Amino acid sequence: MTAQSELPPGYPQEWEADVVLADGMVAHVRPIVPDDTEAIHEFHANQSEESIYLRFFAPIKRLSDRDVHRFTHVDYSDRVALVMLINNRLAGIGRYDRIDPGGTVAEVAFNVSDHHQGRGIGSVLLEHLADIGRESGVRRFVADVLPQNRRMIGVFKDAGYGVSHAFDDGVIAVSFDIEPTDASRAVRMSREHRSEARSMRQVLNPATVAVIGASRRQGTVGRAFFDDIVQGGFTGSAYAVNSRAEPGTLISGHPSYASVADIEGGVDMAVVAVPAQDVLATVDECAAAGVKALVVASEGFAESGPDGEELQRQLLARARGHGMRVLGPNSFGLINNDPAVRLNASIADVGHLPSHGGLGLFAQSGALGVAVLASAQRRGLGISSFASAGNRVDISGNDLMQYWLDDEATTAVGLYLESMGNPRKFSRIARKLASIKPVIVVKSGGGGSGAGIRVRSTHERPEAFGQMLRQSGVIRADNLHQLFDVAQLVQTQPLPAGRRVAVVTNSHALGGLASGAARSRDLEVVHGPVAVSSEAVTEEFRRVVEAALEDERVDALIACFIPPVADIDPDVVQAVADAVATHEKPCVATFLGMRGVTPGTGVPAYPTPEDAVRALAAATNYADWLRTDRGERVRPEGINRRTVHDIVESALARAPGGADLSGEETTELLAAYGIAMWPSISVGSDEEAVEAYKQLRGTVVLKATSPLLQHQPGQGWIRTGLRHPKAVGAAYRDLDAMLAPIGAQGIALQQMAPPGSVAVDITTSEDPLFGPVVGFGVAGLPVDLLGDVSHGFPPLTDVDVVRLVSSIRAAPMLDGYRGAMPVDHGALHDLIARVSVLADDHPELASLRLNPVMAHQDGIEVLGAHARVAPAPTRTDAERRAMLA
């Protein structure tokens, strides 16, 4: 990449991105620069005659200096060109040129290296060019393609746009609108998923692993990694690399190598356990040897302070420049328990590793990696694969979820997150994964072992984060203990068919605890609590368990048993397990005084009834989410994106750092998305107020509009129910007299909403991580004092919108509370949908608040609105694929 000091004027650095190609390898996309001249000459010289002819329609052996100058000198507006680099060498070029300066139609063209065909380069370049074009006002791409250029025709055809073709004079003229469609989004996300899943498959399934820094001394990190790989029974080849070892030195009985380059046949993955200052040189050494993935166990990076942060940035740039994936640095390692692989590239004690099973696990810090694996092993839960991301410079939980989506060995997923770099993408992937496999997430409140570990901006909103998880179908756990409580249940039991439960016990006290806990979590106790005598034998307890399971009303069973002091009978555990095994209903159990009975029984047992019920309620909520129709993405009609683009562009031209829109601009912006504002007339005297009333007629309100009064409670700044010119004039004089002593100015007249209306507050704001966040609440005290606000994360479905309205505590006010007429929910839902799409379409919309919005039985009226725009942030999940830096 060109050094910062050499960047040409206007160079759009935000267009740079690392991407995962179709084969799972990493490439870098950036704008073209004049210094690419020699690289383009070399690129062209290495192309076949056929490729040159298909691109230029002529057999050009060498590009002229004039042509290359035109290719490399662009204005990044009317003429845009991107290059793709693989291992720091030019692999593809994509460009568009507007037909007319500033116009909406541009001619697009690509040129992909013969050596890199079939890796999806053309498709990635098209995504990026289309997104860049949309941001600058281009609406349509056109291209001339020779009929025999099937690859390029395929790139256009398979992108999901509505492509039209016309054949003329031996050339196919292709044209298509570049506005995203459902089909183009589906194509992009499908390609992203396949690429990232394949990339992680390569990381988790290496045939050869080298441990760089494997010491002859016991107790060192490198030696621990190497010993665990060997002793874990890795089915591939493991190599010890120690640059300081004498030739012929054996490490754990294996010959050592001075360099990874000395290993014949190459290496797929390298574990790096060298001092931090040696890591960059090691990365270069691995790149030269063709290593595809790195597990960096070394410490001394972002967690250690500013110098470590800079070193970490260099590590990421160096590795991605060479096309490699990185787990870490400061990583505890990874595990693949597949019997065909048996890779324990971690420093977990081999003798205490969880067995092979269906739980996929992800944790950030190394210390938590130890705790995660120890908890799984202690509870008898088998894992399919595990990764500790450490400082999470590259590989994250999102990458692992992409892999687990297709991994048949993984039946449930647990993630322990300390920070989140891309919640928007997390929500999208988690929603897809949760639709087929339970996803359990613990989100800690801290930033890991050191402030520097959070190398990405994480201005997270705790309440919004929780609502995002619920929208995505994710099971939220408060701590690691609860994560495994839920994992035990979903791994060993069927999901509940409903919320009705039975409680059986041999203790009235335990039965009461279990029943109370169930009701507190919205589970309905329909059977019991049934309590046999405290001296009951195994057969008697088995009978009440079977009776509960055979009850058609029962969806799940809570079994609590405390053995008699003098007669501990562990056979009761097996009796419960045998009864449960013959029914398709889940069971959670508490066997007081008999801990450690869970592994091998098939029935998840918990220390207390409250723990058991909490896990059952979580699984029940998840089952309810699975059964609920998740709806269709909202697509309101009557949307004019171009108008909003022009309003935003004009506002930012006068205030480049951001600006509040005027009332007229806000009204026009909302109208472009089908949202009508009630007229509001500013008045400066009682005479003007009377004249304004004559325009509006009917019943009106007079209100103060000064920002000084925006958040002051009470109704002192508004006069309602005005039906006569004299009343309007008197109200103006009274309100003006109140405002004068406090220096507040601004009075406006507006029609009054119908009686029985409920004032609601609808907001959206552009969050640095979440992207657009839509908020909804009943205006006034519920929002301002109680914080009764629900959040949604576009793109929303129609079901998401309904849930947004119904999930606030004040929702009964909208449904006819105390004899009032219910509001028009359809109109309210449509308004929220339009706001969500507006926010999703325009990241420059920094904030928008509609308040008050009056909802009533006959519709909704938007009485007030405030909008602010700012330069668009780089969204973490944009319309073009990019790895988060």
# chains A, B, ... in the order shown; residues from 1 in each chain; ligands from 1

$ residues_around --residues "Pro438 in chain A" --least-positions-apart "3" --cutoff "12 Å" --atoms "only C-alpha atoms" --output "PyMOL selection string"
chain A and resi 358-360+401+404-405+410-415+430-435+441+472-476+483+486-491+494-495+618-623+625-626

$ select_by_dssp --residues "range 631-677 of chain A" --states "alpha helix (DSSP H)" --output "list in words"
Arg641, Arg642, Thr643, Val644, His645, Asp646, Ile647, Val648, Glu649, Ser650, Ala651, Leu652, Ala653, Arg654, Gly663, Glu664, Glu665, Thr666, Thr667, Glu668, Leu669, Leu670 and Ala671 of chain A

$ write_last_selection --atoms "N, CA, C and O atoms" --output "compact mmCIF listing (two decimals), in the first residue's frame"
# COMPACT_ATOMS: atom_id res chain seq x y z
N ARG A 641 -35.04 8.04 -2.43
CA ARG A 641 -33.72 8.15 -1.80
C ARG A 641 -32.93 9.33 -2.34
O ARG A 641 -32.12 9.93 -1.62
N ARG A 642 -33.14 9.65 -3.59
CA ARG A 642 -32.37 10.73 -4.21
C ARG A 642 -32.63 12.06 -3.52
O ARG A 642 -31.70 12.85 -3.30
N THR A 643 -33.88 12.31 -3.14
CA THR A 643 -34.20 13.57 -2.47
C THR A 643 -33.45 13.69 -1.16
O THR A 643 -32.88 14.74 -0.83
N VAL A 644 -33.42 12.60 -0.38
CA VAL A 644 -32.71 12.63 0.90
C VAL A 644 -31.22 12.84 0.66
O VAL A 644 -30.56 13.61 1.38
N HIS A 645 -30.68 12.17 -0.36
CA HIS A 645 -29.27 12.34 -0.68
C HIS A 645 -28.96 13.81 -0.96
O HIS A 645 -27.95 14.35 -0.47
N ASP A 646 -29.82 14.49 -1.72
CA ASP A 646 -29.58 15.88 -2.07
C ASP A 646 -29.69 16.79 -0.83
O ASP A 646 -28.90 17.73 -0.67
N ILE A 647 -30.65 16.51 0.05
CA ILE A 647 -30.81 17.32 1.26
C ILE A 647 -29.57 17.18 2.14
O ILE A 647 -29.03 18.17 2.65
N VAL A 648 -29.12 15.95 2.31
CA VAL A 648 -27.95 15.69 3.15
C VAL A 648 -26.72 16.36 2.55
O VAL A 648 -25.93 17.00 3.26
N GLU A 649 -26.55 16.22 1.25
CA GLU A 649 -25.38 16.79 0.58
C GLU A 649 -25.37 18.31 0.74
O GLU A 649 -24.32 18.92 0.99
N SER A 650 -26.52 18.94 0.60
CA SER A 650 -26.61 20.39 0.73
C SER A 650 -26.30 20.82 2.15
O SER A 650 -25.56 21.80 2.38
N ALA A 651 -26.81 20.10 3.13
CA ALA A 651 -26.58 20.46 4.53
C ALA A 651 -25.11 20.32 4.90
O ALA A 651 -24.54 21.17 5.60
N LEU A 652 -24.47 19.26 4.43
CA LEU A 652 -23.06 19.04 4.75
C LEU A 652 -22.15 19.98 3.97
O LEU A 652 -21.02 20.24 4.39
N ALA A 653 -22.63 20.50 2.86
CA ALA A 653 -21.84 21.48 2.12
C ALA A 653 -21.71 22.78 2.91
O ALA A 653 -20.65 23.43 2.89
N ARG A 654 -22.76 23.15 3.63
CA ARG A 654 -22.69 24.39 4.41
C ARG A 654 -22.07 24.17 5.78
O ARG A 654 -21.60 25.11 6.41
N GLY A 663 -36.47 23.26 9.67
CA GLY A 663 -37.80 22.65 9.68
C GLY A 663 -38.26 22.26 8.28
O GLY A 663 -38.84 21.20 8.08
N GLU A 664 -37.97 23.13 7.31
CA GLU A 664 -38.37 22.84 5.93
C GLU A 664 -37.61 21.63 5.39
O GLU A 664 -38.18 20.76 4.71
N GLU A 665 -36.31 21.55 5.69
CA GLU A 665 -35.52 20.41 5.23
C GLU A 665 -36.00 19.11 5.86
O GLU A 665 -36.10 18.08 5.19
N THR A 666 -36.29 19.18 7.15
CA THR A 666 -36.75 17.98 7.84
C THR A 666 -38.08 17.51 7.27
O THR A 666 -38.29 16.30 7.05
N THR A 667 -38.97 18.44 7.01
CA THR A 667 -40.27 18.08 6.43
C THR A 667 -40.09 17.42 5.06
O THR A 667 -40.73 16.41 4.74
N GLU A 668 -39.18 17.99 4.24
CA GLU A 668 -38.94 17.44 2.92
C GLU A 668 -38.28 16.07 3.00
O GLU A 668 -38.61 15.15 2.24
N LEU A 669 -37.33 15.93 3.93
CA LEU A 669 -36.65 14.65 4.12
C LEU A 669 -37.65 13.56 4.49
O LEU A 669 -37.64 12.45 3.93
N LEU A 670 -38.54 13.84 5.44
CA LEU A 670 -39.52 12.85 5.86
C LEU A 670 -40.51 12.55 4.75
O LEU A 670 -40.90 11.38 4.55
N ALA A 671 -40.91 13.56 4.01
CA ALA A 671 -41.86 13.35 2.92
C ALA A 671 -41.28 12.42 1.86
O ALA A 671 -42.02 11.65 1.23

$ residues_around --residues "range 750-760 of chain A" --least-positions-apart "4" --cutoff "8 Å" --atoms "only C-alpha atoms" --output "ChimeraX atom specification"
/A:678-681,696-702,720-721,776-780,813-814,820-821,823,851-857,861,863

$ write_last_selection --atoms "C-alpha atoms" --output "PDB file, in the first residue's frame"
ATOM      1  CA  TRP A 678     -48.453  18.337  10.221  1.00  0.00           C
ATOM      2  CA  PRO A 679     -47.909  21.979   9.258  1.00  0.00           C
ATOM      3  CA  SER A 680     -46.556  24.203  12.002  1.00  0.00           C
ATOM      4  CA  ILE A 681     -46.653  27.965  11.555  1.00  0.00           C
ATOM      5  CA  LEU A 696     -55.480  26.139   9.859  1.00  0.00           C
ATOM      6  CA  ARG A 697     -59.031  26.474  11.231  1.00  0.00           C
ATOM      7  CA  GLY A 698     -60.549  23.906  13.550  1.00  0.00           C
ATOM      8  CA  THR A 699     -58.976  23.318  16.961  1.00  0.00           C
ATOM      9  CA  VAL A 700     -55.355  24.375  17.366  1.00  0.00           C
ATOM     10  CA  VAL A 701     -52.538  24.405  19.902  1.00  0.00           C
ATOM     11  CA  LEU A 702     -50.047  27.156  20.576  1.00  0.00           C
ATOM     12  CA  THR A 720     -54.409  23.450  23.800  1.00  0.00           C
ATOM     13  CA  GLY A 721     -58.026  23.349  22.664  1.00  0.00           C
ATOM     14  CA  PHE A 776     -39.746   3.653  20.511  1.00  0.00           C
ATOM     15  CA  GLY A 777     -41.636   4.657  23.639  1.00  0.00           C
ATOM     16  CA  VAL A 778     -44.695   6.477  24.933  1.00  0.00           C
ATOM     17  CA  ALA A 779     -43.704  10.141  25.163  1.00  0.00           C
ATOM     18  CA  GLY A 780     -43.438  11.940  28.467  1.00  0.00           C
ATOM     19  CA  MET A 813     -51.733   2.617  26.767  1.00  0.00           C
ATOM     20  CA  LEU A 814     -51.814   1.889  23.029  1.00  0.00           C
ATOM     21  CA  ALA A 820     -59.814   4.288  25.777  1.00  0.00           C
ATOM     22  CA  MET A 821     -59.965   3.357  22.120  1.00  0.00           C
ATOM     23  CA  VAL A 823     -54.670   3.266  18.481  1.00  0.00           C
ATOM     24  CA  ASN A 851     -41.899  13.910  18.907  1.00  0.00           C
ATOM     25  CA  PRO A 852     -44.681  14.230  19.501  1.00  0.00           C
ATOM     26  CA  VAL A 853     -46.289  11.635  17.297  1.00  0.00           C
ATOM     27  CA  MET A 854     -49.967  11.389  18.129  1.00  0.00           C
ATOM     28  CA  ALA A 855     -51.379   7.893  17.719  1.00  0.00           C
ATOM     29  CA  HIS A 856     -55.153   7.442  17.756  1.00  0.00           C
ATOM     30  CA  GLN A 857     -57.823   5.088  16.481  1.00  0.00           C
ATOM     31  CA  GLU A 861     -50.018  12.429  13.132  1.00  0.00           C
ATOM     32  CA  LEU A 863     -46.447  16.923  14.979  1.00  0.00           C
TER      33      LEU A 863
END

$ select_by_dssp --residues "range 175-422 of chain A" --states "strand (DSSP E)" --output "number ranges by chain"
A: 175-177, 208-212, 237-241, 250-251, 254-257, 269-272, 293-296, 325-327, 333-336, 343-346, 356-363, 383-388, 412-417

$ residues_around --residues "Val274 in chain A" --least-positions-apart "6" --cutoff "10 Å" --atoms "only C-alpha atoms" --output "VMD selection string"
chain A and resid 211 to 215 221 to 222 242 282 296 to 299

$ write_last_selection --atoms "all heavy atoms" --output "tab-separated table (two decimals), in the first residue's frame"
chain	number	residue	atom	x	y	z
A	211	VAL	N	5.14	-25.22	15.37
A	211	VAL	CA	5.17	-24.37	16.56
A	211	VAL	C	6.50	-23.63	16.55
A	211	VAL	O	7.56	-24.24	16.72
A	211	VAL	CB	5.01	-25.19	17.85
A	211	VAL	CG1	5.09	-24.26	19.07
A	211	VAL	CG2	3.69	-25.94	17.84
A	212	ILE	N	6.43	-22.33	16.30
A	212	ILE	CA	7.63	-21.51	16.22
A	212	ILE	C	7.90	-20.93	17.60
A	212	ILE	O	7.12	-20.15	18.13
A	212	ILE	CB	7.46	-20.40	15.18
A	212	ILE	CG1	7.10	-21.01	13.82
A	212	ILE	CG2	8.71	-19.55	15.07
A	212	ILE	CD1	6.77	-20.00	12.74
A	213	GLY	N	9.02	-21.33	18.16
A	213	GLY	CA	9.33	-20.96	19.54
A	213	GLY	C	9.17	-22.14	20.47
A	213	GLY	O	9.07	-21.97	21.69
A	214	ALA	N	9.17	-23.36	19.91
A	214	ALA	CA	9.09	-24.58	20.73
A	214	ALA	C	10.44	-24.78	21.42
A	214	ALA	O	11.44	-25.05	20.77
A	214	ALA	CB	8.74	-25.78	19.85
A	215	SER	N	10.45	-24.64	22.71
A	215	SER	CA	11.69	-24.67	23.47
A	215	SER	C	12.03	-26.07	23.94
A	215	SER	O	11.16	-26.94	24.07
A	215	SER	CB	11.58	-23.73	24.68
A	215	SER	OG	12.73	-23.83	25.50
A	221	VAL	N	5.79	-21.58	26.97
A	221	VAL	CA	4.54	-21.58	26.20
A	221	VAL	C	4.70	-22.38	24.91
A	221	VAL	O	3.85	-23.21	24.56
A	221	VAL	CB	4.10	-20.13	25.89
A	221	VAL	CG1	2.92	-20.13	24.93
A	221	VAL	CG2	3.73	-19.40	27.17
A	222	GLY	N	5.79	-22.13	24.17
A	222	GLY	CA	6.00	-22.86	22.91
A	222	GLY	C	6.08	-24.36	23.13
A	222	GLY	O	5.51	-25.14	22.35
A	242	ASN	N	12.79	-23.95	16.29
A	242	ASN	CA	13.55	-23.20	17.29
A	242	ASN	C	14.83	-22.72	16.65
A	242	ASN	O	15.75	-23.51	16.37
A	242	ASN	CB	13.85	-24.10	18.50
A	242	ASN	CG	14.48	-23.33	19.65
A	242	ASN	OD1	15.19	-22.35	19.45
A	242	ASN	ND2	14.23	-23.78	20.87
A	282	THR	N	8.80	-13.08	12.15
A	282	THR	CA	8.28	-14.45	12.05
A	282	THR	C	7.12	-14.51	11.06
A	282	THR	O	6.99	-15.47	10.29
A	282	THR	CB	7.81	-14.93	13.43
A	282	THR	OG1	8.91	-14.88	14.34
A	282	THR	CG2	7.28	-16.35	13.36
A	296	VAL	N	-1.19	-16.68	17.18
A	296	VAL	CA	-0.15	-15.90	17.84
A	296	VAL	C	-0.42	-15.94	19.35
A	296	VAL	O	-1.35	-15.29	19.85
A	296	VAL	CB	-0.12	-14.45	17.32
A	296	VAL	CG1	0.99	-13.67	18.02
A	296	VAL	CG2	0.10	-14.44	15.81
A	297	ALA	N	0.40	-16.71	20.05
A	297	ALA	CA	0.27	-16.82	21.50
A	297	ALA	C	1.07	-15.75	22.22
A	297	ALA	O	0.88	-15.54	23.43
A	297	ALA	CB	0.73	-18.21	21.95
A	298	SER	N	1.94	-15.08	21.53
A	298	SER	CA	2.83	-14.10	22.14
A	298	SER	C	2.05	-12.97	22.80
A	298	SER	O	1.02	-12.51	22.30
A	298	SER	CB	3.76	-13.50	21.08
A	298	SER	OG	4.41	-14.53	20.35
A	299	GLU	N	2.57	-12.50	23.93
A	299	GLU	CA	2.01	-11.35	24.63
A	299	GLU	C	2.81	-10.10	24.27
A	299	GLU	O	3.80	-10.16	23.55
A	299	GLU	CB	2.06	-11.58	26.14
A	299	GLU	CG	1.26	-12.79	26.61
A	299	GLU	CD	1.42	-13.01	28.10
A	299	GLU	OE1	2.39	-12.47	28.69
A	299	GLU	OE2	0.58	-13.73	28.68

$ residues_around --residues "Thr608 in chain A" --least-positions-apart "2" --cutoff "9 Å" --atoms "only C-alpha atoms" --output "JSON, numbers by chain"
{"A": [510, 514, 560, 589, 590, 591, 592, 605, 606, 610, 611, 612, 613]}

$ residues_around --residues "Trp15 in chain A" --least-positions-apart "3" --cutoff "8 Å" --atoms "only C-alpha atoms" --output "list in words"
Pro12, Val29, Arg30, Pro31 and Ile132 of chain A

$ closest_atom_pairs --of "range 544-652 of chain A" --to "range 787-801 of chain A" --cutoff "10 Å" --atoms "only C-alpha atoms" --output "tab-separated table"
residue	atom	partner	partner_atom	distance
A:Thr628	CA	A:Val799	CA	9.0
A:Asp629	CA	A:Val799	CA	7.4
A:Arg630	CA	A:Val799	CA	5.8
A:Gly631	CA	A:Val799	CA	5.1
A:Glu632	CA	A:Thr797	CA	4.9
A:Arg633	CA	A:Thr797	CA	4.0
A:Val634	CA	A:Thr797	CA	5.2
A:Arg635	CA	A:Thr797	CA	8.9

$ atom_distance --atom1 "CA of Ala672 in chain A" --atom2 "CA of Phe176 in chain A"
23.5 Å

$ atom_distance --atom1 "CA of Ile153 in chain A" --atom2 "CA of Ala27 in chain A"
22.9 Å

$ residues_around --residues "Phe484 in chain A" --least-positions-apart "5" --cutoff "9 Å" --atoms "only C-alpha atoms" --output "list in words"
Val372, Ser375, Ala376, Arg379, Leu381, Gly414, Ile440 and Leu489 of chain A

$ atom_distance --atom1 "CA of Gly528 in chain A" --atom2 "CA of Arg627 in chain A"
26.6 Å

$ closest_residue --among "A:Asp35, A:Arg217, A:Leu311, A:Asn398" --to "Asp278 in chain A" --atoms "only C-alpha atoms"
A:Leu311

$ closest_residue --among "A:Val163, A:Val20, A:Val171, A:Leu850" --to "Asp399 in chain A" --atoms "only C-alpha atoms"
A:Val20

$ closest_residue --among "A:Asp18, A:Asp338, A:Glu50, A:Glu535" --to "Met84 in chain A" --atoms "only C-alpha atoms"
A:Asp18

$ decode --residues "range 348-363 of chain A" --atoms "N, CA and C atoms" --output "PDB file, in the first residue's frame"
ATOM      1  N   ALA A 348      -4.083 -25.962  26.899  1.00  0.00           N
ATOM      2  CA  ALA A 348      -4.955 -26.666  27.834  1.00  0.00           C
ATOM      3  C   ALA A 348      -4.341 -28.019  28.163  1.00  0.00           C
ATOM      4  N   ASP A 349      -4.458 -28.427  29.402  1.00  0.00           N
ATOM      5  CA  ASP A 349      -3.937 -29.707  29.849  1.00  0.00           C
ATOM      6  C   ASP A 349      -4.637 -30.821  29.082  1.00  0.00           C
ATOM      7  N   VAL A 350      -3.874 -31.627  28.370  1.00  0.00           N
ATOM      8  CA  VAL A 350      -4.454 -32.686  27.541  1.00  0.00           C
ATOM      9  C   VAL A 350      -5.310 -33.628  28.373  1.00  0.00           C
ATOM     10  N   GLY A 351      -4.887 -33.903  29.603  1.00  0.00           N
ATOM     11  CA  GLY A 351      -5.628 -34.841  30.439  1.00  0.00           C
ATOM     12  C   GLY A 351      -6.957 -34.307  30.917  1.00  0.00           C
ATOM     13  N   HIS A 352      -7.209 -33.006  30.781  1.00  0.00           N
ATOM     14  CA  HIS A 352      -8.457 -32.416  31.249  1.00  0.00           C
ATOM     15  C   HIS A 352      -9.236 -31.747  30.118  1.00  0.00           C
ATOM     16  N   LEU A 353      -8.981 -32.154  28.897  1.00  0.00           N
ATOM     17  CA  LEU A 353      -9.726 -31.598  27.777  1.00  0.00           C
ATOM     18  C   LEU A 353     -11.119 -32.212  27.713  1.00  0.00           C
ATOM     19  N   PRO A 354     -12.113 -31.416  27.313  1.00  0.00           N
ATOM     20  CA  PRO A 354     -13.434 -31.995  27.072  1.00  0.00           C
ATOM     21  C   PRO A 354     -13.356 -33.019  25.941  1.00  0.00           C
ATOM     22  N   SER A 355     -14.228 -33.982  25.982  1.00  0.00           N
ATOM     23  CA  SER A 355     -14.264 -35.001  24.942  1.00  0.00           C
ATOM     24  C   SER A 355     -14.901 -34.448  23.672  1.00  0.00           C
ATOM     25  N   HIS A 356     -14.918 -35.270  22.646  1.00  0.00           N
ATOM     26  CA  HIS A 356     -15.555 -34.871  21.391  1.00  0.00           C
ATOM     27  C   HIS A 356     -17.060 -34.796  21.590  1.00  0.00           C
ATOM     28  N   GLY A 357     -17.663 -33.692  21.159  1.00  0.00           N
ATOM     29  CA  GLY A 357     -19.100 -33.508  21.306  1.00  0.00           C
ATOM     30  C   GLY A 357     -19.608 -32.435  20.380  1.00  0.00           C
ATOM     31  N   GLY A 358     -20.795 -31.904  20.685  1.00  0.00           N
ATOM     32  CA  GLY A 358     -21.449 -30.996  19.748  1.00  0.00           C
ATOM     33  C   GLY A 358     -21.397 -29.530  20.091  1.00  0.00           C
ATOM     34  N   LEU A 359     -20.682 -29.127  21.135  1.00  0.00           N
ATOM     35  CA  LEU A 359     -20.676 -27.734  21.556  1.00  0.00           C
ATOM     36  C   LEU A 359     -19.482 -26.987  20.970  1.00  0.00           C
ATOM     37  N   GLY A 360     -19.749 -25.945  20.188  1.00  0.00           N
ATOM     38  CA  GLY A 360     -18.702 -25.065  19.698  1.00  0.00           C
ATOM     39  C   GLY A 360     -18.521 -23.917  20.668  1.00  0.00           C
ATOM     40  N   LEU A 361     -17.274 -23.620  21.025  1.00  0.00           N
ATOM     41  CA  LEU A 361     -17.000 -22.612  22.048  1.00  0.00           C
ATOM     42  C   LEU A 361     -16.023 -21.558  21.537  1.00  0.00           C
ATOM     43  N   PHE A 362     -16.283 -20.321  21.967  1.00  0.00           N
ATOM     44  CA  PHE A 362     -15.397 -19.215  21.625  1.00  0.00           C
ATOM     45  C   PHE A 362     -15.227 -18.346  22.861  1.00  0.00           C
ATOM     46  N   ALA A 363     -13.989 -17.971  23.149  1.00  0.00           N
ATOM     47  CA  ALA A 363     -13.698 -17.043  24.249  1.00  0.00           C
ATOM     48  C   ALA A 363     -12.612 -16.099  23.786  1.00  0.00           C
TER      49      ALA A 363
END
